[in-house]
>>> print(open('work.tsv').read())   # TSV, N, CA, C and O atoms
chain	number	residue	atom	x	y	z
G	30	MET	N	-52.81	-31.11	38.19
G	30	MET	CA	-53.78	-30.03	38.29
G	30	MET	C	-53.78	-29.54	39.74
G	30	MET	O	-53.80	-30.35	40.68
G	31	ARG	N	-53.78	-28.25	39.90
G	31	ARG	CA	-53.77	-27.65	41.25
G	31	ARG	C	-55.06	-27.99	42.00
G	31	ARG	O	-56.13	-28.16	41.42
G	32	LYS	N	-54.92	-28.04	43.33
G	32	LYS	CA	-56.06	-28.39	44.19
G	32	LYS	C	-57.20	-27.39	44.01
G	32	LYS	O	-58.38	-27.78	43.99
G	33	GLU	N	-56.90	-26.12	43.86
G	33	GLU	CA	-57.92	-25.09	43.66
G	33	GLU	C	-58.74	-25.37	42.40
G	33	GLU	O	-59.97	-25.26	42.40
G	34	VAL	N	-58.07	-25.75	41.33
G	34	VAL	CA	-58.76	-26.07	40.07
G	34	VAL	C	-59.61	-27.32	40.25
G	34	VAL	O	-60.77	-27.36	39.81
G	35	ARG	N	-59.06	-28.35	40.89
G	35	ARG	CA	-59.83	-29.58	41.14
G	35	ARG	C	-61.08	-29.29	41.96
G	35	ARG	O	-62.15	-29.83	41.68
G	36	ASN	N	-60.95	-28.43	42.96
G	36	ASN	CA	-62.11	-28.09	43.79
G	36	ASN	C	-63.18	-27.36	42.99
G	36	ASN	O	-64.38	-27.60	43.16
G	37	LYS	N	-62.76	-26.44	42.12
G	37	LYS	CA	-63.73	-25.72	41.28
G	37	LYS	C	-64.43	-26.67	40.32
G	37	LYS	O	-65.64	-26.57	40.11
G	38	LEU	N	-63.67	-27.62	39.74
G	38	LEU	CA	-64.27	-28.60	38.83
G	38	LEU	C	-65.25	-29.50	39.58
G	38	LEU	O	-66.34	-29.81	39.07
G	39	ALA	N	-64.90	-29.90	40.79
G	39	ALA	CA	-65.80	-30.73	41.60
G	39	ALA	C	-67.09	-29.97	41.90
G	39	ALA	O	-68.19	-30.56	41.86
G	40	ALA	N	-66.98	-28.69	42.18
G	40	ALA	CA	-68.17	-27.87	42.45
G	40	ALA	C	-69.05	-27.78	41.20
G	40	ALA	O	-70.28	-27.82	41.30
G	41	ILE	N	-68.42	-27.67	40.04
G	41	ILE	CA	-69.19	-27.62	38.79
G	41	ILE	C	-69.93	-28.93	38.59
G	41	ILE	O	-71.12	-28.93	38.23
G	42	LEU	N	-69.28	-30.07	38.82
G	42	LEU	CA	-69.93	-31.37	38.67
G	42	LEU	C	-71.08	-31.55	39.64
G	42	LEU	O	-72.06	-32.23	39.35
G	43	ASP	N	-71.00	-30.91	40.80
G	43	ASP	CA	-72.11	-30.93	41.76
G	43	ASP	C	-73.24	-30.00	41.33
G	43	ASP	O	-74.41	-30.26	41.58
G	44	ARG	N	-72.88	-28.89	40.70
G	44	ARG	CA	-73.84	-27.85	40.33
G	44	ARG	C	-74.65	-28.21	39.08
G	44	ARG	O	-75.83	-27.88	38.98
G	45	VAL	N	-74.02	-28.86	38.10
G	45	VAL	CA	-74.70	-29.20	36.85
G	45	VAL	C	-75.57	-30.42	37.09
G	45	VAL	O	-75.12	-31.45	37.58
G	46	LYS	N	-76.84	-30.28	36.72
G	46	LYS	CA	-77.82	-31.33	37.00
G	46	LYS	C	-78.44	-31.86	35.70
G	46	LYS	O	-78.62	-31.12	34.74
G	47	ASP	N	-78.79	-33.13	35.74
G	47	ASP	CA	-79.49	-33.76	34.63
G	47	ASP	C	-80.84	-33.06	34.48
G	47	ASP	O	-81.59	-32.95	35.45
G	48	PRO	N	-81.17	-32.59	33.28
G	48	PRO	CA	-82.43	-31.86	33.10
G	48	PRO	C	-83.67	-32.74	33.31
G	48	PRO	O	-84.74	-32.22	33.62
G	49	GLU	N	-83.52	-34.04	33.18
G	49	GLU	CA	-84.67	-34.94	33.33
G	49	GLU	C	-84.99	-35.24	34.79
G	49	GLU	O	-86.14	-35.24	35.19
G	50	ASN	N	-83.95	-35.54	35.59
G	50	ASN	CA	-84.22	-36.01	36.94
G	50	ASN	C	-83.63	-35.14	38.05
G	50	ASN	O	-83.83	-35.41	39.22
G	51	GLY	N	-82.88	-34.10	37.67
G	51	GLY	CA	-82.35	-33.18	38.66
G	51	GLY	C	-81.17	-33.70	39.47
G	51	GLY	O	-80.73	-33.07	40.41
G	52	THR	N	-80.64	-34.85	39.09
G	52	THR	CA	-79.48	-35.42	39.78
G	52	THR	C	-78.21	-34.77	39.25
G	52	THR	O	-78.07	-34.55	38.05
G	53	SER	N	-77.28	-34.49	40.16
G	53	SER	CA	-76.04	-33.84	39.72
G	53	SER	C	-75.18	-34.80	38.90
G	53	SER	O	-75.27	-36.02	39.05
G	54	VAL	N	-74.35	-34.22	38.06
G	54	VAL	CA	-73.43	-35.02	37.24
G	54	VAL	C	-72.51	-35.83	38.14
G	54	VAL	O	-72.20	-36.99	37.85
G	55	ALA	N	-72.09	-35.26	39.26
G	55	ALA	CA	-71.23	-35.97	40.20
G	55	ALA	C	-71.93	-37.21	40.75
G	55	ALA	O	-71.34	-38.28	40.82
G	56	GLN	N	-73.20	-37.08	41.12
G	56	GLN	CA	-73.96	-38.20	41.68
G	56	GLN	C	-74.19	-39.29	40.63
G	56	GLN	O	-74.26	-40.46	40.97
G	57	MET	N	-74.31	-38.88	39.38
G	57	MET	CA	-74.58	-39.84	38.31
G	57	MET	C	-73.31	-40.53	37.82
G	57	MET	O	-73.40	-41.49	37.05
G	58	SER	N	-72.16	-40.04	38.24
G	58	SER	CA	-70.87	-40.62	37.82
G	58	SER	C	-70.75	-40.72	36.30
G	58	SER	O	-70.37	-41.75	35.76
G	59	LEU	N	-71.08	-39.64	35.62
G	59	LEU	CA	-70.98	-39.61	34.16
G	59	LEU	C	-69.58	-39.24	33.67
G	59	LEU	O	-69.20	-39.59	32.56
G	60	VAL	N	-68.83	-38.53	34.49
G	60	VAL	CA	-67.51	-38.05	34.08
G	60	VAL	C	-66.45	-39.00	34.65
G	60	VAL	O	-66.35	-39.19	35.86
G	61	ALA	N	-65.67	-39.56	33.73
G	61	ALA	CA	-64.59	-40.47	34.14
G	61	ALA	C	-63.39	-39.69	34.65
G	61	ALA	O	-62.65	-40.16	35.50
G	62	GLY	N	-63.19	-38.49	34.12
G	62	GLY	CA	-62.07	-37.67	34.54
G	62	GLY	C	-61.97	-36.40	33.71
G	62	GLY	O	-62.62	-36.27	32.67
G	63	ILE	N	-61.16	-35.48	34.19
G	63	ILE	CA	-60.92	-34.23	33.48
G	63	ILE	C	-59.42	-33.98	33.51
G	63	ILE	O	-58.79	-34.03	34.57
G	64	LYS	N	-58.85	-33.73	32.33
G	64	LYS	CA	-57.42	-33.42	32.23
G	64	LYS	C	-57.28	-32.00	31.69
G	64	LYS	O	-58.10	-31.54	30.89
G	65	TYR	N	-56.22	-31.33	32.14
G	65	TYR	CA	-55.98	-29.97	31.68
G	65	TYR	C	-54.65	-29.90	30.96
G	65	TYR	O	-53.64	-30.37	31.46
G	66	ASN	N	-54.66	-29.31	29.76
G	66	ASN	CA	-53.45	-29.08	28.98
G	66	ASN	C	-53.16	-27.59	29.06
G	66	ASN	O	-53.86	-26.78	28.44
G	67	ASP	N	-52.15	-27.23	29.84
G	67	ASP	CA	-51.83	-25.82	30.08
G	67	ASP	C	-51.40	-25.09	28.81
G	67	ASP	O	-51.80	-23.95	28.58
G	68	GLN	N	-50.60	-25.76	27.98
G	68	GLN	CA	-50.13	-25.11	26.75
G	68	GLN	C	-51.29	-24.78	25.81
G	68	GLN	O	-51.32	-23.72	25.20
G	69	ALA	N	-52.22	-25.70	25.69
G	69	ALA	CA	-53.37	-25.50	24.79
G	69	ALA	C	-54.51	-24.75	25.47
G	69	ALA	O	-55.47	-24.38	24.81
G	70	LYS	N	-54.40	-24.54	26.80
G	70	LYS	CA	-55.50	-23.93	27.57
G	70	LYS	C	-56.79	-24.70	27.31
G	70	LYS	O	-57.83	-24.15	26.96
G	71	GLU	N	-56.70	-26.03	27.52
G	71	GLU	CA	-57.81	-26.91	27.18
G	71	GLU	C	-58.12	-27.89	28.29
G	71	GLU	O	-57.23	-28.55	28.83
G	72	PHE	N	-59.41	-27.97	28.62
G	72	PHE	CA	-59.90	-29.00	29.53
G	72	PHE	C	-60.47	-30.12	28.67
G	72	PHE	O	-61.36	-29.89	27.85
G	73	ALA	N	-59.98	-31.34	28.87
G	73	ALA	CA	-60.53	-32.51	28.19
G	73	ALA	C	-61.39	-33.26	29.21
G	73	ALA	O	-60.89	-33.72	30.24
G	74	VAL	N	-62.68	-33.32	28.94
G	74	VAL	CA	-63.62	-33.98	29.84
G	74	VAL	C	-63.92	-35.37	29.26
G	74	VAL	O	-64.41	-35.49	28.15
G	75	TYR	N	-63.58	-36.40	30.03
G	75	TYR	CA	-63.79	-37.78	29.60
G	75	TYR	C	-65.09	-38.29	30.20
G	75	TYR	O	-65.24	-38.37	31.42
G	76	MET	N	-66.03	-38.59	29.30
G	76	MET	CA	-67.35	-39.07	29.71
G	76	MET	C	-67.43	-40.58	29.53
G	76	MET	O	-66.85	-41.13	28.60
G	77	TYR	N	-68.17	-41.23	30.43
G	77	TYR	CA	-68.44	-42.65	30.25
G	77	TYR	C	-69.41	-42.80	29.09
G	77	TYR	O	-70.29	-41.96	28.89
G	78	PRO	N	-69.30	-43.88	28.31
G	78	PRO	CA	-70.22	-44.07	27.18
G	78	PRO	C	-71.64	-44.35	27.64
G	78	PRO	O	-71.87	-44.84	28.74
G	79	VAL	N	-72.59	-44.06	26.77
G	79	VAL	CA	-74.00	-44.32	27.03
G	79	VAL	C	-74.23	-45.83	27.01
G	79	VAL	O	-73.77	-46.53	26.11
G	80	LYS	N	-74.95	-46.31	28.01
G	80	LYS	CA	-75.29	-47.74	28.07
G	80	LYS	C	-76.80	-47.88	28.13
G	80	LYS	O	-77.45	-47.21	28.92
G	81	SER	N	-77.32	-48.74	27.31
G	81	SER	CA	-78.76	-48.98	27.34
G	81	SER	C	-79.07	-50.34	26.74
G	81	SER	O	-78.39	-50.80	25.83
G	82	ALA	N	-80.10	-50.96	27.25
G	82	ALA	CA	-80.50	-52.27	26.75
G	82	ALA	C	-81.40	-52.13	25.52
G	82	ALA	O	-81.43	-53.01	24.68
G	83	LYS	N	-82.12	-51.03	25.39
G	83	LYS	CA	-83.06	-50.86	24.29
G	83	LYS	C	-82.59	-49.74	23.37
G	83	LYS	O	-82.22	-48.66	23.82
G	84	ALA	N	-82.62	-50.01	22.08
G	84	ALA	CA	-82.15	-49.04	21.09
G	84	ALA	C	-82.95	-47.74	21.14
G	84	ALA	O	-82.39	-46.66	20.97
G	85	CYS	N	-84.25	-47.84	21.40
G	85	CYS	CA	-85.08	-46.64	21.43
G	85	CYS	C	-84.67	-45.69	22.56
G	85	CYS	O	-84.76	-44.48	22.43
G	86	CYS	N	-84.19	-46.26	23.65
G	86	CYS	CA	-83.79	-45.44	24.80
G	86	CYS	C	-82.46	-44.73	24.57
G	86	CYS	O	-82.19	-43.70	25.20
G	87	VAL	N	-81.63	-45.28	23.70
G	87	VAL	CA	-80.32	-44.68	23.45
G	87	VAL	C	-80.48	-43.26	22.90
G	87	VAL	O	-79.74	-42.36	23.27
G	88	VAL	N	-81.47	-43.04	22.06
G	88	VAL	CA	-81.70	-41.72	21.49
G	88	VAL	C	-81.97	-40.71	22.60
G	88	VAL	O	-81.41	-39.61	22.61
G	89	PHE	N	-82.79	-41.07	23.56
G	89	PHE	CA	-83.10	-40.18	24.67
G	89	PHE	C	-81.87	-39.94	25.54
G	89	PHE	O	-81.61	-38.83	25.99
G	90	GLN	N	-81.10	-41.01	25.76
G	90	GLN	CA	-79.89	-40.88	26.57
G	90	GLN	C	-78.85	-39.99	25.87
G	90	GLN	O	-78.21	-39.18	26.52
G	91	LEU	N	-78.69	-40.16	24.57
G	91	LEU	CA	-77.74	-39.32	23.83
G	91	LEU	C	-78.16	-37.86	23.88
G	91	LEU	O	-77.32	-36.97	24.00
G	92	ASN	N	-79.46	-37.60	23.80
G	92	ASN	CA	-79.95	-36.23	23.89
G	92	ASN	C	-79.65	-35.65	25.28
G	92	ASN	O	-79.21	-34.51	25.40
G	93	ALA	N	-79.88	-36.43	26.32
G	93	ALA	CA	-79.60	-35.97	27.68
G	93	ALA	C	-78.10	-35.73	27.85
G	93	ALA	O	-77.69	-34.73	28.45
G	94	TYR	N	-77.26	-36.63	27.33
G	94	TYR	CA	-75.81	-36.44	27.39
G	94	TYR	C	-75.40	-35.14	26.71
G	94	TYR	O	-74.57	-34.41	27.21
G	95	ALA	N	-75.98	-34.88	25.54
G	95	ALA	CA	-75.65	-33.66	24.80
G	95	ALA	C	-76.01	-32.42	25.62
G	95	ALA	O	-75.23	-31.45	25.66
G	96	GLN	N	-77.15	-32.44	26.28
G	96	GLN	CA	-77.55	-31.31	27.12
G	96	GLN	C	-76.60	-31.14	28.30
G	96	GLN	O	-76.21	-30.02	28.64
G	97	ILE	N	-76.23	-32.25	28.91
G	97	ILE	CA	-75.31	-32.20	30.05
G	97	ILE	C	-73.95	-31.68	29.61
G	97	ILE	O	-73.35	-30.84	30.28
G	98	GLU	N	-73.45	-32.16	28.47
G	98	GLU	CA	-72.17	-31.69	27.95
G	98	GLU	C	-72.21	-30.18	27.69
G	98	GLU	O	-71.27	-29.47	28.01
G	99	GLU	N	-73.30	-29.72	27.12
G	99	GLU	CA	-73.45	-28.28	26.84
G	99	GLU	C	-73.41	-27.47	28.14
G	99	GLU	O	-72.74	-26.43	28.23
G	100	MET	N	-74.11	-27.95	29.17
G	100	MET	CA	-74.12	-27.25	30.46
G	100	MET	C	-72.74	-27.28	31.11
G	100	MET	O	-72.29	-26.27	31.66
G	101	LEU	N	-72.07	-28.44	31.07
G	101	LEU	CA	-70.73	-28.54	31.64
G	101	LEU	C	-69.76	-27.60	30.94
G	101	LEU	O	-68.98	-26.90	31.58
G	102	LYS	N	-69.82	-27.59	29.62
G	102	LYS	CA	-68.94	-26.72	28.82
G	102	LYS	C	-69.14	-25.25	29.22
G	102	LYS	O	-68.18	-24.53	29.47
G	103	LYS	N	-70.38	-24.83	29.32
G	103	LYS	CA	-70.70	-23.46	29.69
G	103	LYS	C	-70.16	-23.12	31.07
G	103	LYS	O	-69.53	-22.08	31.27
G	104	GLU	N	-70.39	-24.00	32.03
G	104	GLU	CA	-69.95	-23.75	33.41
G	104	GLU	C	-68.42	-23.71	33.52
G	104	GLU	O	-67.87	-22.85	34.21
G	105	ILE	N	-67.74	-24.64	32.86
G	105	ILE	CA	-66.28	-24.68	32.93
G	105	ILE	C	-65.69	-23.44	32.26
G	105	ILE	O	-64.78	-22.81	32.79
G	106	GLU	N	-66.23	-23.07	31.10
G	106	GLU	CA	-65.71	-21.89	30.39
G	106	GLU	C	-65.99	-20.60	31.17
G	106	GLU	O	-65.19	-19.67	31.11
G	107	GLU	N	-67.10	-20.54	31.89
G	107	GLU	CA	-67.37	-19.36	32.72
G	107	GLU	C	-66.43	-19.30	33.92
G	107	GLU	O	-65.97	-18.24	34.31
G	108	GLU	N	-66.14	-20.47	34.51
G	108	GLU	CA	-65.26	-20.53	35.68
G	108	GLU	C	-63.80	-20.32	35.30
G	108	GLU	O	-63.02	-19.77	36.07
G	109	PHE	N	-63.44	-20.76	34.09
G	109	PHE	CA	-62.06	-20.66	33.61
G	109	PHE	C	-62.05	-19.96	32.25
G	109	PHE	O	-61.92	-20.61	31.21
G	110	PRO	N	-62.20	-18.63	32.24
G	110	PRO	CA	-62.24	-17.90	30.97
G	110	PRO	C	-60.93	-18.10	30.19
G	110	PRO	O	-59.88	-18.37	30.76
G	111	ASN	N	-61.00	-17.95	28.90
G	111	ASN	CA	-59.86	-18.08	27.99
G	111	ASN	C	-59.34	-19.52	27.90
G	111	ASN	O	-58.20	-19.74	27.53
G	112	ASN	N	-60.18	-20.47	28.26
G	112	ASN	CA	-59.86	-21.89	28.11
G	112	ASN	C	-60.96	-22.51	27.27
G	112	ASN	O	-62.08	-22.01	27.20
G	113	ILE	N	-60.63	-23.62	26.62
G	113	ILE	CA	-61.64	-24.34	25.84
G	113	ILE	C	-61.91	-25.68	26.52
G	113	ILE	O	-61.12	-26.19	27.30
G	114	VAL	N	-63.07	-26.25	26.17
G	114	VAL	CA	-63.49	-27.53	26.73
G	114	VAL	C	-63.78	-28.47	25.57
G	114	VAL	O	-64.51	-28.10	24.64
G	115	VAL	N	-63.21	-29.67	25.63
G	115	VAL	CA	-63.51	-30.70	24.64
G	115	VAL	C	-63.98	-31.94	25.38
G	115	VAL	O	-63.57	-32.18	26.53
G	116	PHE	N	-64.83	-32.72	24.75
G	116	PHE	CA	-65.36	-33.93	25.36
G	116	PHE	C	-64.82	-35.14	24.62
G	116	PHE	O	-64.73	-35.16	23.40
G	117	LYS	N	-64.47	-36.16	25.42
G	117	LYS	CA	-63.93	-37.41	24.86
G	117	LYS	C	-64.57	-38.57	25.59
G	117	LYS	O	-64.95	-38.46	26.75
G	118	ASN	N	-64.67	-39.68	24.90
G	118	ASN	CA	-65.17	-40.90	25.55
G	118	ASN	C	-64.03	-41.56	26.30
G	118	ASN	O	-62.90	-41.55	25.85
G	119	SER	N	-64.37	-42.11	27.45
G	119	SER	CA	-63.34	-42.76	28.25
G	119	SER	C	-63.06	-44.16	27.74
G	119	SER	O	-63.78	-44.72	26.99
>>> encode(input="work.tsv", output="structure tokens")
Amino acid sequence: MRKEVRNKLAAILDRVKDPENGTSVAQMSLVAGIKYNDQAKEFAVYMYPVKSAKACCVVFQLNAYAQIEEMLKKEIEEEFPNNIVVFKNS
């Protein structure tokens, strides 16, 4: 991946914030990595799995993850038009 693309992705991870606590995705270390498939025009975003000690909390964490994924998808697609974004567990 070109340095320019990596820098834009890093800026997106800094810009997208957890809706609950306002911490950036980069600070929370939620993204394990991002790969780009040029032929498919696809960004694959690898997220770390949700970890929780209590089952009741997992529901809230999954909801927060879904919101973060939606925001990341929107930001990446706006920054890189004509590309798609898919999420995968690391």
>>> atom_distance(input="work.tsv", atom1="atom CA of G:Val45", atom2="atom CA of G:Lys70")
22.0 Å
>>> residues_around(input="work.tsv", residues="G:Ser58", least_positions_apart="5", cutoff="8 Å", atoms="only N, CA, C and O atoms", output="list in words")
Leu42, Ser53, Tyr75, Met76, Tyr77 and Pro78 of chain G
>>> residues_around(input="work.tsv", residues="stretch 94-107 of chain G", least_positions_apart="3", cutoff="7 Å", atoms="only N, CA, C and O atoms", output="PyMOL selection string")
chain G and resi 41+45-48+88-91+110-114
>>> select_by_dssp(input="work.tsv", residues="chain G", states="strand (DSSP E or B)", output="list in words")
Lys46, Ser53, Val60, Ala61, Gly62, Ile63, Lys64, Tyr65, Asn66, Glu71, Phe72, Ala73, Val74, Tyr75, Met76, Ile113, Val114, Val115, Phe116, Lys117 and Asn118 of chain G
>>> axis_aligned_box(input="work.tsv", around="stretch 42-60 of chain G", padding_each_side="6 Å", output="AutoDock Vina command-line options")
--center_x -76.2 --center_y -34.8 --center_z 37.2 --size_x 31.8 --size_y 25.9 --size_z 21.2
>>> atom_distance(input="work.tsv", atom1="atom CA of G:Ala40", atom2="atom CA of G:Ala55")
8.9 Å
>>> residues_near_point(input="work.tsv", point="(-63.7, -35.8, 24.8)", cutoff="7 Å", atoms="only N, CA, C and O atoms", output="number ranges by chain")
G: 73-76, 115-119
>>> atom_distance(input="work.tsv", atom1="atom O of G:Val34", atom2="atom N of G:Tyr65")
9.8 Å
>>> select_by_dssp(input="work.tsv", residues="chain G", states="alpha helix (DSSP H)", output="ChimeraX atom specification")
/G:32-44,54-57,84-108
>>> build_atoms(input="work.tsv", residues="stretch 32-43 of chain G", atoms="all heavy atoms", output="compact mmCIF listing (two decimals), in the coordinates of the input")
# COMPACT_ATOMS: atom_id res chain seq x y z
N LYS G 32 -54.92 -28.04 43.33
CA LYS G 32 -56.06 -28.39 44.19
C LYS G 32 -57.20 -27.39 44.01
O LYS G 32 -58.38 -27.78 43.99
CB LYS G 32 -55.61 -28.43 45.65
CG LYS G 32 -56.69 -28.90 46.59
CD LYS G 32 -56.19 -29.03 48.00
CE LYS G 32 -57.30 -29.55 48.89
NZ LYS G 32 -56.86 -29.74 50.26
N GLU G 33 -56.90 -26.12 43.86
CA GLU G 33 -57.92 -25.09 43.66
C GLU G 33 -58.74 -25.37 42.40
O GLU G 33 -59.97 -25.26 42.40
CB GLU G 33 -57.25 -23.71 43.56
CG GLU G 33 -58.19 -22.59 43.21
CD GLU G 33 -57.44 -21.29 42.93
OE1 GLU G 33 -56.35 -21.08 43.49
OE2 GLU G 33 -57.97 -20.49 42.15
N VAL G 34 -58.07 -25.75 41.33
CA VAL G 34 -58.76 -26.07 40.07
C VAL G 34 -59.61 -27.32 40.25
O VAL G 34 -60.77 -27.36 39.81
CB VAL G 34 -57.74 -26.24 38.92
CG1 VAL G 34 -58.42 -26.72 37.64
CG2 VAL G 34 -57.00 -24.92 38.66
N ARG G 35 -59.06 -28.35 40.89
CA ARG G 35 -59.83 -29.58 41.14
C ARG G 35 -61.08 -29.29 41.96
O ARG G 35 -62.15 -29.83 41.68
CB ARG G 35 -58.96 -30.62 41.84
CG ARG G 35 -57.93 -31.27 40.96
CD ARG G 35 -57.31 -32.52 41.60
NE ARG G 35 -56.86 -32.31 42.96
CZ ARG G 35 -55.63 -31.98 43.32
NH1 ARG G 35 -54.70 -31.79 42.41
NH2 ARG G 35 -55.31 -31.85 44.59
N ASN G 36 -60.95 -28.43 42.96
CA ASN G 36 -62.11 -28.09 43.79
C ASN G 36 -63.18 -27.36 42.99
O ASN G 36 -64.38 -27.60 43.16
CB ASN G 36 -61.68 -27.26 45.00
CG ASN G 36 -60.90 -28.06 46.02
OD1 ASN G 36 -60.93 -29.28 46.03
ND2 ASN G 36 -60.19 -27.37 46.89
N LYS G 37 -62.76 -26.44 42.12
CA LYS G 37 -63.73 -25.72 41.28
C LYS G 37 -64.43 -26.67 40.32
O LYS G 37 -65.64 -26.57 40.11
CB LYS G 37 -63.03 -24.61 40.50
CG LYS G 37 -62.66 -23.42 41.35
CD LYS G 37 -62.02 -22.33 40.50
CE LYS G 37 -61.67 -21.12 41.35
NZ LYS G 37 -61.13 -20.01 40.53
N LEU G 38 -63.67 -27.62 39.74
CA LEU G 38 -64.27 -28.60 38.83
C LEU G 38 -65.25 -29.50 39.58
O LEU G 38 -66.34 -29.81 39.07
CB LEU G 38 -63.19 -29.42 38.14
CG LEU G 38 -62.35 -28.67 37.12
CD1 LEU G 38 -61.16 -29.51 36.68
CD2 LEU G 38 -63.18 -28.22 35.93
N ALA G 39 -64.90 -29.90 40.79
CA ALA G 39 -65.80 -30.73 41.60
C ALA G 39 -67.09 -29.97 41.90
O ALA G 39 -68.19 -30.56 41.86
CB ALA G 39 -65.12 -31.16 42.89
N ALA G 40 -66.98 -28.69 42.18
CA ALA G 40 -68.17 -27.87 42.45
C ALA G 40 -69.05 -27.78 41.20
O ALA G 40 -70.28 -27.82 41.30
CB ALA G 40 -67.75 -26.48 42.92
N ILE G 41 -68.42 -27.67 40.04
CA ILE G 41 -69.19 -27.62 38.79
C ILE G 41 -69.93 -28.93 38.59
O ILE G 41 -71.12 -28.93 38.23
CB ILE G 41 -68.26 -27.31 37.59
CG1 ILE G 41 -67.77 -25.86 37.67
CG2 ILE G 41 -68.98 -27.57 36.27
CD1 ILE G 41 -66.65 -25.52 36.71
N LEU G 42 -69.28 -30.07 38.82
CA LEU G 42 -69.93 -31.37 38.67
C LEU G 42 -71.08 -31.55 39.64
O LEU G 42 -72.06 -32.23 39.35
CB LEU G 42 -68.92 -32.50 38.83
CG LEU G 42 -67.82 -32.57 37.77
CD1 LEU G 42 -66.86 -33.70 38.09
CD2 LEU G 42 -68.39 -32.73 36.38
N ASP G 43 -71.00 -30.91 40.80
CA ASP G 43 -72.11 -30.93 41.76
C ASP G 43 -73.24 -30.00 41.33
O ASP G 43 -74.41 -30.26 41.58
CB ASP G 43 -71.63 -30.52 43.16
CG ASP G 43 -70.90 -31.63 43.87
OD1 ASP G 43 -71.16 -32.82 43.58
OD2 ASP G 43 -70.07 -31.32 44.74
